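Report on one structure; see the data block that follows.
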Amino acid sequence: MASITLDDVTKEFGDGGDAVVAVDDVSLDIEDGEFVVFVGPSGSGKSTLMRMVAGLETQTDGDVYIGDQIVNQLGPRARDIAMVFQNYALYPNMTVEENMSFGLKMSTELSADEIEATVTETAEMMGIESLLDNTPGELSGGQQQRVALGRAIVRDPNVFLMDEPLSNLDAKLRTTMRTEINRLQSDLGVTTLYVTHDQTEAMTMGDRLVVLNYGELQQVGTPLACFYRPANRFVAGFIGSPSMNFFEGEVADGTLVADGFEYDLSERMRANVGDRTAVTLGARPEDYTLSEAPTDNGFEVVVDVVEPMGSVSYVYVRSVAASHDETFVVEVDGQQPISEGEQLHAHAPATDVHLFDTQTGETIHQRELTDDAENALSQPLENATAGAD
Amino acid sequence: MSTQTQTETTTTSETGLARLRALWNDYLPYWFVAPMVLVMVLITFFPGAYDLYLSVIEEPTFDVFAAEFVGLSNYATAFGRGGALHSFIITVTVVVSALALESVLGFGLAALVAGVESERLQSFYRVLFIVPMAVAPVSLATIGRIMLNSEIGVIPYLIEATTPFAAPAFLSEIPLLTVVLLDTWNWTPFMFIIFYAGLSSVPDTLIEASKVDGAPLWRRYLHVIIPYMKPVVFVATLIRMIDLFRTFGVVYGLTQGGPGTATQLVSINIYEQMFINNSPGVAAAIAVVYLVFVVAIANIVIAKVGFEGVWD
Amino acid sequence: MTNDHNRRSFIKTAAAAGLLGGLAGCTRGGEQAQNGGDSTDIGGGTDGDTSTGSSSEPVIPLSEYDADIDWAQFEGSQINIGAVQHPWVSAIKPAIPVFEELTGIDVVWNILPENQFRTKRQTDVSTGAGQFDVFFMDQVVNQYRNEGWLQPLDPYFEDESLYDEAWYQPDDLFEASRWQAHGGGFSDDWTGLPITVEVQTQFYRTDLYEKHDLEVAETLEGFRQNAQTIHENESDVVGTVGRGQKGYGMNIFILNMLLREMGSSLWTEFPTDSGLDSSGVIDAATWYTNLLRDYGPDGASTQSWSDVLSTMQEGRAGHIVADANLFWPGLTGSESSIADTVGIAKVPKPADGEFAPNAYNWQISTSKNAANSKQAFLFMLWATSEPTNTWMHLHSDAAFSVRQSVWENDEFRSQVGEEFAQVTLESLQSASPDPFDRKYPEWGQRYSEELQRALAGQKSAEAAMTTAAEIAEEIYSE
Amino acid sequence: MASENQSQSSVDTGSQRLDKDTRETLVGVARHGLLLAWSFVVLFPLYWLASMSLKPPGSANSLPPDWLFLPTVYNYIRLAQDGAFLAAFANSVVMVSASVVLVLLIGVPAAYVLSRYDIPMERDVLVWILSSRMLPPIAVVIPFFVIFRELNLFDSRIGMVFMYVSINLSLVVWVMKAFFDGIPETLEEAARVDGATRFQGFRKVVLPAAKPGIFSVAIISFIFAWIELLFGLVLTNFKAVPVTLFVYSFIGSRSIEWGMLAAASMAMILPVVVFLVAVNKYLAAGLSFGVVIKE
């Protein structure tokens, strides 16, 4: 068990003029036993960051600590970590049992009997004891996934590293494995880094999220903190599904004028905006309401497409007054009858709206929350959402 | 090469053996390529430099360094009287046609054999189809000549006995085609074996997936299997191409470049310049131009096909 | 009818030695002498190893070598012989212990087929490696001499401890052989000593001649008519076969004879006029081209000597217009299906021309860089001397003597057959070998290429010879 | 998924089902037909070679061919009694086998590095390696002769092994690079994370996965060296003479010993077939890397 500390870590690929910065000056403290998810779009540097923790890449600058030990100069074999790869990377020439015992043979002094016992025990835990004599080629995707996990667990390492381990599974299996990994992590209590580009996975699995974009750290926080208190427009847009709607506008005399509507800013908003003029308004689809009657700060929209999801519907609407024909999404109750082409009034209450500096993207105004909710943001919810989809 | 210098061992047990082991693993890529580079330097630079030098001096004597510099006159002879250009054209013709035949046949056979269900039968084909490569060039040429002989050869005899067609005089009427066909017989195994090994490495899951999609056989190959095998297909074809460019033994034994100069490959031309005309300078001049030519072709092929389609 | 009895006995020796391949290829490779390995050498059972050579009686009494020569002066040294896979090698090998005992010089062989040997020899001499003390020499003799690679033998002939003219009898060597050993007229010095000579003769099918009531042709016209008769009246048998393949020892070996018989010659004016576009050469080329295209096999242009031999052996041809008399053992041996129905005769000549069969000598020479040239000279002298030569021809299946005395030897004549011996002897006496000038390999190759084109029907004989003349003259113009 | 497919096709009309079955049968028939056709193409010249070696003298080239003849092993017996031939044969087996082991030892690790690491000017390096097999051997044999004499490698087995390595090295490097490219890099990373050193990762994980490739290049390298002639001709004299030269030796100046030539050629095929049969199962070993994502 160990904590992990990243201290001003930078990674550049290539050299000289055409170097690409994959990870840019990232500092991070991960506590012992924590489950941290690195999330970001592809190319955000999340995998590179993890590979530097693994020792598969060497950082260009900065230090990596596992526990109290600086591991910059150590190869992966000396870091006491286990890793699950996106493609599982099972050794094709070895049976499942050999795959699982390989690491023990390589890194421990255990006797053959002890190794066998450990492997069998782990295989039972993972429900793959009947597969021990098969080769990876004979297994289904889900079975391979379990073997890959089992191979990591059997080593009883200080740190688990998981690089998009579920991305090759079908949707149903993915949900099941998500739960299982959560359960295993909390049972074993091993510090775990988990890389994904899927924000649902990120929200449901991590104690904390590390949101990355273009190699830069965007935000570190609990899933709910990232959701309700996004540090910037990128995080606000990346976390949450469907994404937050953004409207760029100009603030003049306490009113935000966007293409298609105007929004009167509240007192608190005005204070937060200060003397900025280029401001982006952000509101999540579920915070909008669609009504037939006009409302304060509402504006007239025409319904383009309705996607019924069951309990809710996603309604794609377009401002009647807008000069362009881009739509934004509104989430409404699944029972609300809405038909395409209908004209309605869209409204997002001032309490639920975020404001961002259009130039820097940084959040200048956060939505309001109840005190209880506010307190909950900083507390990792112990697998509270594990079962939910 | 990437400059990975992290140590693989913990610093606690720095015994001599461990240090040695660390040194081995830390610089593994260097140890891995060093012997190859050494051999390559030996077998490319010296002969290359020697040929280059020979090509610009007068007829060599025992003391080659006392020879007189003659500029490009050997090159002029090579491309004038030496018929180098003609032999380039002949060679390219043979390379293109034989390569096309051998690639298609080799891949077709590999795919056919890979699909045979009986493991014993598959083994049998695997061995049988490789054997032609093992026939010594001299045997192939000598026995090929007699088998193709229009008067006493068994192949014209069989053609005339079993078909209504008159057998062509293989070596004098269609010498180039004969050379290509014989090379195809001889070297399709090369393509077959590499393609076959490449096919063996295609993951079953990939094939299964395309089967479930209901894709017809040819589409499965075109869109799933061949793209996956691309590196292997590309490399086998490239190497065979390079080898075809220097084909010598069988063709020389079969036709000696004739009739006339109808099958005079560059390798045969170089041989004649060197060992018949006793003009090593002219031979070297042809070799030098030829090397540049083949390097250029290889570069084009790699640039056009290789690094775009295979290696990014 | 041919003399069956004599021919059979000629073959029997070979069969007795366990060889069914005729004269050639009894032993091969360079290892036997070195390894003392299993050897299939004929006669005496020696294996080329000196120690065993001295333990048994030499096959030729040493008294035969009682000359004014200090044979033993290089005792303890070794010579390396680079040789072609030629019947001469297998014929002399059993006698090598005699030389080793006589001189105390160890003999090591390096035997290769012709093409491979040429490659190896050239690599050796052109780099100055000098690994061969003695090597086979052929059409490249003046090329090598010109490069300064060959060593003239005259100084050794003048060395009294090495040479005894009275004993050696150089005049017994055919004039043609001596001439070729002097670079075919291009040198005043001995470039080597001739070891074998083969002369062109005509081969025909006695059964077909009887059947169609044909006379053996003495003229080219008669030959053409005989060929026509057989070609047109026999199914599956072509009128004649002949070398068509390119190469300076291939089709032009035949054409060079024809052109001389038609009154022309190579290099009417050396080195400015090749003579290849003279009417004599064009007539010869036209005659040969027409003959093979009309009455020869399909693909005659690609037939090498081995195809010619095989086609005749298989009974698929009525004649061979002219080729080496050394085909005789192959045609009458067990590889041949016409062994009892083949005849040999002198080559035909034009009605108004001269009988001038081409003859070809292998000689052995030594290079400038050879380490043991004097020992090499002793070997050459011993190998081509009358006792060795006669012994080879009487006891070791040879039939290529450069010494006239052997062809006149009754015992030899009865062994090989009177007919073969007499035809060969007469042909050799009138033989007219090719002069191999220093660039003969280069222009000869091109000339034979052009002839092959004509034979393949790619161009007319006249056009081919005109081109050949231009190329030959261009090659010398530099 | 599969069952869904099944039920769908069962809804199809009967004739279509029949078509599918017929098509499968046709594919099977076509497959075996084509394989038999090529087998004939391959086998006929080999059969002819074999029959030549077994025919009595004089009938090797008879037409119409003696399809039925009393085979004689006379040629083989002569070959087997020829000490020099046997010595050269054994010599070739030793030299060629050694060269195959050596070329794999040198070439496979180098190919691995070329596949896995960023090499400056990688394409040029690869073309350079390939350039070693671009010139006809005839154009490079003389410089090698000179070097060999200088280094005392002339007529030595070590020298010949080196030459055999040199003719095969580019092939091994290129083909193995292609095979390594097809093996996901995460395999070794997994091994390294599992506690293996780089070398252990290569030896225990990557090499076994590359087996079909390794055995293919081994066979091809063996054959290339086994039938090599020119270097054997020029660079040896007595001690290191390869068997290829002996096959030539049945082509004499005025006669060709067809039976012996054929027998020697057959004898030369033998070790290749033995080698092939020995490694046959590895060629077929289809290995799956599981779900493969090219990175």
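Starting from 1 in every chain, residues are counted up; chains themselves are A, B, ... following the order of the structure tokens, and ligands are numbered from 1 as listed.
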Checklist entry - Excluding same-chain residues fewer than 2 positions from Gly258 (chain B), what lies within 12 Å of it counting only C-alpha atoms, as a PyMOL selection string? => result (chain B and resi 87+90+170-176+178-179+251-256+260-265+268-269) or (chain C and resi 244-247+299+301-304+445-446+448-456+458)
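Backbone DSSP of region 1-96 of chain A yields helix (DSSP H, G or I) at A:Gly16, A:Gly17, A:Asp18, A:Lys46, A:Ser47, A:Thr48, A:Leu49, A:Met50, A:Arg51, A:Met52, A:Val53, A:Ala54, A:Pro76, A:Arg77, A:Ala78, A:Val96.
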Item to check | Polymer residues at most 8 Å from Thr196 (chain C), only C-alpha atoms, same-chain spacing of 4 or more positions, as number ranges by chain | outcome: C: 88, 361-363, 400-402
Write a file of the just-selected residues containing all heavy atoms, as a PDB file, in the first residue's frame.
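Once written, part_4.pdb looks like this:
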ATOM      1  N   TRP C  88      40.380 -35.631 -68.719  1.00  0.00           N
ATOM      2  CA  TRP C  88      41.835 -35.672 -68.532  1.00  0.00           C
ATOM      3  C   TRP C  88      42.195 -35.862 -67.063  1.00  0.00           C
ATOM      4  O   TRP C  88      43.117 -36.590 -66.717  1.00  0.00           O
ATOM      5  CB  TRP C  88      42.459 -34.366 -69.052  1.00  0.00           C
ATOM      6  CG  TRP C  88      43.954 -34.305 -68.895  1.00  0.00           C
ATOM      7  CD1 TRP C  88      44.883 -34.842 -69.729  1.00  0.00           C
ATOM      8  CD2 TRP C  88      44.690 -33.671 -67.839  1.00  0.00           C
ATOM      9  NE1 TRP C  88      46.148 -34.582 -69.274  1.00  0.00           N
ATOM     10  CE2 TRP C  88      46.067 -33.869 -68.103  1.00  0.00           C
ATOM     11  CE3 TRP C  88      44.336 -32.958 -66.684  1.00  0.00           C
ATOM     12  CZ2 TRP C  88      47.071 -33.372 -67.278  1.00  0.00           C
ATOM     13  CZ3 TRP C  88      45.337 -32.466 -65.851  1.00  0.00           C
ATOM     14  CH2 TRP C  88      46.690 -32.682 -66.152  1.00  0.00           C
ATOM     15  N   ASN C 361      42.245 -27.047 -77.794  1.00  0.00           N
ATOM     16  CA  ASN C 361      43.184 -27.601 -76.810  1.00  0.00           C
ATOM     17  C   ASN C 361      42.916 -27.028 -75.441  1.00  0.00           C
ATOM     18  O   ASN C 361      42.716 -25.818 -75.302  1.00  0.00           O
ATOM     19  CB  ASN C 361      44.626 -27.206 -77.151  1.00  0.00           C
ATOM     20  CG  ASN C 361      45.124 -27.861 -78.403  1.00  0.00           C
ATOM     21  OD1 ASN C 361      45.631 -28.973 -78.373  1.00  0.00           O
ATOM     22  ND2 ASN C 361      44.952 -27.177 -79.520  1.00  0.00           N
ATOM     23  N   TRP C 362      42.915 -27.886 -74.455  1.00  0.00           N
ATOM     24  CA  TRP C 362      43.104 -27.392 -73.087  1.00  0.00           C
ATOM     25  C   TRP C 362      44.602 -27.404 -72.839  1.00  0.00           C
ATOM     26  O   TRP C 362      45.300 -28.327 -73.262  1.00  0.00           O
ATOM     27  CB  TRP C 362      42.432 -28.304 -72.057  1.00  0.00           C
ATOM     28  CG  TRP C 362      40.976 -28.052 -71.850  1.00  0.00           C
ATOM     29  CD1 TRP C 362      39.957 -28.835 -72.281  1.00  0.00           C
ATOM     30  CD2 TRP C 362      40.394 -26.974 -71.125  1.00  0.00           C
ATOM     31  NE1 TRP C 362      38.763 -28.299 -71.897  1.00  0.00           N
ATOM     32  CE2 TRP C 362      39.002 -27.149 -71.174  1.00  0.00           C
ATOM     33  CE3 TRP C 362      40.895 -25.849 -70.443  1.00  0.00           C
ATOM     34  CZ2 TRP C 362      38.111 -26.278 -70.572  1.00  0.00           C
ATOM     35  CZ3 TRP C 362      40.010 -24.980 -69.845  1.00  0.00           C
ATOM     36  CH2 TRP C 362      38.636 -25.181 -69.913  1.00  0.00           C
ATOM     37  N   GLN C 363      45.089 -26.379 -72.198  1.00  0.00           N
ATOM     38  CA  GLN C 363      46.489 -26.432 -71.805  1.00  0.00           C
ATOM     39  C   GLN C 363      46.564 -26.149 -70.312  1.00  0.00           C
ATOM     40  O   GLN C 363      45.603 -25.696 -69.703  1.00  0.00           O
ATOM     41  CB  GLN C 363      47.311 -25.405 -72.586  1.00  0.00           C
ATOM     42  CG  GLN C 363      46.938 -23.964 -72.304  1.00  0.00           C
ATOM     43  CD  GLN C 363      47.777 -22.992 -73.129  1.00  0.00           C
ATOM     44  OE1 GLN C 363      47.905 -23.158 -74.337  1.00  0.00           O
ATOM     45  NE2 GLN C 363      48.334 -21.991 -72.492  1.00  0.00           N
ATOM     46  N   PHE C 400      42.213 -38.175 -76.044  1.00  0.00           N
ATOM     47  CA  PHE C 400      42.353 -36.775 -76.435  1.00  0.00           C
ATOM     48  C   PHE C 400      43.822 -36.392 -76.525  1.00  0.00           C
ATOM     49  O   PHE C 400      44.213 -35.280 -76.179  1.00  0.00           O
ATOM     50  CB  PHE C 400      41.646 -35.876 -75.411  1.00  0.00           C
ATOM     51  CG  PHE C 400      41.728 -36.406 -74.000  1.00  0.00           C
ATOM     52  CD1 PHE C 400      42.954 -36.465 -73.350  1.00  0.00           C
ATOM     53  CD2 PHE C 400      40.601 -36.858 -73.336  1.00  0.00           C
ATOM     54  CE1 PHE C 400      43.050 -36.965 -72.073  1.00  0.00           C
ATOM     55  CE2 PHE C 400      40.696 -37.358 -72.033  1.00  0.00           C
ATOM     56  CZ  PHE C 400      41.914 -37.413 -71.402  1.00  0.00           C
ATOM     57  N   SER C 401      44.620 -37.320 -76.981  1.00  0.00           N
ATOM     58  CA  SER C 401      46.057 -37.097 -76.942  1.00  0.00           C
ATOM     59  C   SER C 401      46.493 -35.949 -77.842  1.00  0.00           C
ATOM     60  O   SER C 401      46.055 -35.834 -78.981  1.00  0.00           O
ATOM     61  CB  SER C 401      46.795 -38.366 -77.361  1.00  0.00           C
ATOM     62  OG  SER C 401      48.178 -38.092 -77.420  1.00  0.00           O
ATOM     63  N   VAL C 402      47.397 -35.128 -77.301  1.00  0.00           N
ATOM     64  CA  VAL C 402      48.001 -34.078 -78.112  1.00  0.00           C
ATOM     65  C   VAL C 402      49.245 -34.605 -78.824  1.00  0.00           C
ATOM     66  O   VAL C 402      49.893 -33.878 -79.551  1.00  0.00           O
ATOM     67  CB  VAL C 402      48.392 -32.861 -77.241  1.00  0.00           C
ATOM     68  CG1 VAL C 402      47.141 -32.130 -76.786  1.00  0.00           C
ATOM     69  CG2 VAL C 402      49.238 -33.284 -76.056  1.00  0.00           C
TER      70      VAL C 402
END
Next on the checklist: Let's see if you can do this: from backbone DSSP, list all strand (DSSP E or B) residues in region 129-309 of chain A, as a PyMOL selection string.
Outcome noted: chain A and resi 159-163+191-196+208-213+216-221+232+245-252+255-258+261-264+278-283+289-291+299-308
Checklist entry - Quick one: which residues from chain A are at most 7 Å off chain B, using only C-alpha atoms, as number ranges by chain? => result A: 73-75, 77-78
Can you write out the residues you just picked, keeping N, CA and C atoms, as an mmCIF file, in the first residue's frame?
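To be explicit, this is the file written out as selection_12.cif:
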data_model
loop_
_atom_site.group_PDB
_atom_site.id
_atom_site.type_symbol
_atom_site.label_atom_id
_atom_site.label_comp_id
_atom_site.auth_asym_id
_atom_site.auth_seq_id
_atom_site.Cartn_x
_atom_site.Cartn_y
_atom_site.Cartn_z
ATOM 1 N N GLN A 73 14.214 6.842 -10.995
ATOM 2 C CA GLN A 73 15.260 6.019 -11.606
ATOM 3 C C GLN A 73 14.904 4.538 -11.602
ATOM 4 N N LEU A 74 13.731 4.208 -11.116
ATOM 5 C CA LEU A 74 13.402 2.792 -11.028
ATOM 6 C C LEU A 74 12.572 2.338 -12.220
ATOM 7 N N GLY A 75 12.876 1.143 -12.678
ATOM 8 C CA GLY A 75 12.070 0.557 -13.742
ATOM 9 C C GLY A 75 10.782 0.007 -13.158
ATOM 10 N N ARG A 77 9.659 -2.890 -12.808
ATOM 11 C CA ARG A 77 9.739 -4.088 -11.977
ATOM 12 C C ARG A 77 10.095 -3.760 -10.540
ATOM 13 N N ALA A 78 10.693 -2.584 -10.323
ATOM 14 C CA ALA A 78 11.109 -2.236 -8.967
ATOM 15 C C ALA A 78 10.051 -1.386 -8.252
#
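Counting from CA of Val23 (chain A), the distance to CA of Phe160 (chain A) is 20.6 Å.
Nearest residue to chain D among B:Pro216, B:Gly71, B:Gly82, B:Gly153 is B:Gly153, counting only C-alpha atoms.
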Counting only C-alpha atoms, a student should be able to say which residues of chain B come within 6 Å of chain C; what is the right answer, written as a CSV table (one decimal) with N, CA, C and O atoms, in the first residue's frame?
chain,number,residue,atom,x,y,z
B,62,PHE,N,47.3,-5.9,-60.2
B,62,PHE,CA,47.4,-6.5,-58.9
B,62,PHE,C,47.4,-5.4,-57.8
B,62,PHE,O,46.8,-5.5,-56.8
B,150,SER,N,12.9,-28.8,-76.6
B,150,SER,CA,11.8,-29.0,-77.5
B,150,SER,C,11.9,-30.4,-78.2
B,150,SER,O,10.9,-30.8,-78.7
B,169,ALA,N,8.7,-23.6,-78.3
B,169,ALA,CA,10.1,-23.8,-78.0
B,169,ALA,C,10.4,-22.8,-76.8
B,169,ALA,O,10.6,-21.6,-77.0
B,172,SER,N,13.7,-20.6,-76.7
B,172,SER,CA,14.0,-19.7,-77.8
B,172,SER,C,12.9,-18.8,-78.3
B,172,SER,O,13.1,-17.7,-78.7
B,259,PRO,N,18.0,-16.2,-75.9
B,259,PRO,CA,18.8,-16.0,-77.1
B,259,PRO,C,19.2,-14.6,-77.4
B,259,PRO,O,18.3,-13.7,-77.0
B,260,GLY,N,20.3,-14.4,-77.9
B,260,GLY,CA,20.8,-13.0,-78.1
B,260,GLY,C,21.0,-12.5,-76.7
B,260,GLY,O,21.7,-13.0,-75.9
B,276,ILE,N,33.9,-12.6,-68.2
B,276,ILE,CA,34.1,-13.0,-69.6
B,276,ILE,C,34.9,-11.8,-70.3
B,276,ILE,O,36.0,-12.1,-70.9
B,277,ASN,N,34.4,-10.6,-70.2
B,277,ASN,CA,35.1,-9.5,-70.8
B,277,ASN,C,36.3,-9.1,-70.0
B,277,ASN,O,37.1,-8.3,-70.5
